[in-house]
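Below is one structure; the comments refer to it alone.
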Amino acid sequence: MSIITLTTDFGTRDWFVGSLKGVILGVNPEVTIVDIAHEIPAGDVRAGAFALLASYRCFPRSTVHVAIVDPGVGSHRAAIGVRTADYVFVGPDNGVLSFALGREKVVEIRRLDNDEYFRKPVCNTFHGRDVFAPVAVRLTQNIPFGSLGERLTDYVRLDWPQPRQDGGRIRGEIVYIDHFGNAITNIELADKGVSRLCVPDKLACEAREFYQATPGGQALTLVGSSGFLEIAVNGGNAARMFALTLGDVVEVW
């Protein structure tokens with residue numbers, strides 16, 4: 001079974017995601033297509049990178065992960081395919097693949113410049129349909145990875161803010177806000193031995209094991225499904241209630 005995942009900022013009200021799937025199924029009708037997310041904020045490469053990081057390991061080996069948050073579409077930014085020990089990643093070389101690739105053993109990186117695999121004609125505003133989708137589905141048909149194009153030695157990396165020890169506290173920041181208004185931090189499961197969290201001048205809350213372990217409408221912190229510590233409100237929207245934004249400093253102890 002061949003699996004292709006899609007992570008984009010295309011939304012679902014237009015034809016964009018459906019077009020990707022049509023191109024994929026037109027080449028290989030046996031492929032399984034899985035939507036990871038399509039409501040990434042428009043052009044938010046970092047949010048797309050985090051969504052991919054949080055989900056890609058749920059899939060079996062050899063899955064082809066396609067991530068398209070591409071404000072530079074049609075420009076000189078490269079389009080790349082990356083083969084790791086367990087997966088294949090396809091997308092623009094703007095950092096959207098970098099959080100996931102940072103956890104993988106990279107075997108080979110290729111620039112997608114062999115237009116034999118593209119949908120013609122290529123539209124400079126829709127490489128998702130005309131470049132990334134057709135290349136991804138060809139990879140499920142065992143084409144030689146080296147035939148994609150020029151070999152590259154590295155890929156564009158987004159800066160990942162590392163938590164740091166500050167006295168008896170761990171200091172991090174909010175890196176993603178999900179659909180429920182939960183504010184996800186860069187503090188990982190390994191750092192979970194904490195009892196309290198604060199966002200200076202905004203809130204302070206206790207650590208709990210699940211959402212309803214605190215009364216309704218009250219804030220808490222817990223390790224969420226992404227493996228990172230998050231700020232939540234039982235039955236509410238933490239980001240809205242406390243005006244939380246990306247980059248807000250978080251302290252835990």
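By order of appearance in the structure tokens: chains A, B, ..., then residues from 1 within every chain, and ligands from 1 in the order shown.
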
Determine, counting only C-alpha atoms, which protein, DNA and RNA residues have an atom within 7 Å of an atom of range 151-159 of chain A; residues of the same chain fewer than 6 positions away are not included. Present the result as a ChimeraX atom specification. /A:93-95,98,109-111

Residues within 8 Å of range 37-49 of chain A, only C-alpha atoms, excluding chain neighbours under 2 positions, as a list of chain:residue names: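 The residues that qualify are A:Leu6, A:Thr7, A:Thr8, A:Asp9, A:Phe10, A:Gly11, A:Thr12, A:Val17, A:Asp35, A:Ala51, A:Leu52, A:Leu53, A:Ala67, A:Ile68, A:Val69, A:Asp70, A:Pro71, A:Asn94, A:Gly95, A:Val96, A:Leu97, A:Ser98, A:Phe99, A:Ala100, A:Leu158, A:Val175, A:Tyr176.
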
Residues from last step as file, C-alpha atoms, as a compact mmCIF listing (two decimals), in the first residue's frame:
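Listed below is the output, result-v9.txt:
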# COMPACT_ATOMS: atom_id res chain seq x y z
CA LEU A 6 -0.89 16.36 2.48
CA THR A 7 -0.17 19.35 4.74
CA THR A 8 -1.07 22.71 3.20
CA ASP A 9 -2.42 26.20 3.80
CA PHE A 10 -4.89 25.80 0.92
CA GLY A 11 -8.04 25.59 3.03
CA THR A 12 -11.04 23.55 1.95
CA VAL A 17 -6.78 20.40 -2.37
CA ASP A 35 -5.04 14.89 4.87
CA ALA A 51 1.96 20.40 12.01
CA LEU A 52 4.13 18.05 9.97
CA LEU A 53 6.49 17.48 12.90
CA ALA A 67 3.99 19.76 2.77
CA ILE A 68 3.04 22.88 0.81
CA VAL A 69 3.07 26.24 2.55
CA ASP A 70 4.73 28.16 -0.21
CA PRO A 71 4.57 31.96 -0.23
CA ASN A 94 11.68 27.13 2.55
CA GLY A 95 11.89 25.36 5.90
CA VAL A 96 8.44 23.77 5.93
CA LEU A 97 10.06 20.31 5.94
CA SER A 98 12.85 21.20 8.35
CA PHE A 99 11.32 20.45 11.77
CA ALA A 100 10.48 16.90 10.69
CA LEU A 158 13.83 27.20 10.28
CA VAL A 175 5.22 27.93 18.96
CA TYR A 176 1.75 26.87 17.75

Secondary structure check, alpha helix (DSSP H) residues of range 17-238 of chain A, as a ChimeraX atom specification: /A:17-27,45-55,98-101,127,133-139,238

Shell of 7 Å around Tyr117 in chain A, only C-alpha atoms, local chain residues under 2 positions omitted, as number ranges by chain: A: 114-115, 119, 134-135

Determine, counting only C-alpha atoms, which protein, DNA and RNA residues have an atom within 8 Å of an atom of Leu244 in chain A; residues of the same chain fewer than 4 positions away are not included. Present the result as number ranges by chain. A: 183, 202, 238-240, 248

So that I can see what lies close to Thr63 in chain A, please list as an MDAnalysis selection string the residues with an atom at most 6 Å from it, counting only C-alpha atoms and leaving out residues fewer than 2 positions away in the same chain. chainID A and resid 3:4 61 87

Env of range 249-252 of chain A: 6 Å cut, atoms = only C-alpha atoms, seq-sep filter 6 positions within chain, self excluded. Answer as a ChimeraX atom specification. /A:169-173,196-199

Can you tell me, as a list in words, what residues are no more than 10 Å from Phe118 in chain A when counting only C-alpha atoms, ignoring any on the same chain fewer than 4 positions away? Leu112, Asp113, Asn114, Val122, His127, Arg129, Asp130, Val131, Phe132, Ala133, Pro134, Val135 and Arg138 of chain A

I'd like the interatomic distance between CA of Cys58 in chain A and CA of Gly227 in chain A, to a tenth of an Å.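 It comes out at 12.6 Å.
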
Among listed residues A:Ile36, A:Ile24, A:Leu203, A:Ile184, nearest Leu139 in chain A (using only C-alpha atoms):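 For Leu139 in chain A, the nearest of the given residues is A:Ile24.
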
Let me make sure I understand: among A:Ala78, A:Gly236, A:Arg57, A:Thr84, which one has the smallest atom-to-atom distance to His179 in chain A if we use only C-alpha atoms?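 Using only C-alpha atoms, His179 in chain A sits closest to A:Gly236.
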
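Minimum distance to Glu116 in chain A across A:Asn186, A:Ser147, A:Gln165, A:Asn234 (counting only C-alpha atoms) occurs at A:Ser147.
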
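Nearest residue to Gly72 in chain A among A:Asp201, A:Asn142, A:Val137, A:Gly91 is A:Gly91, counting only C-alpha atoms.
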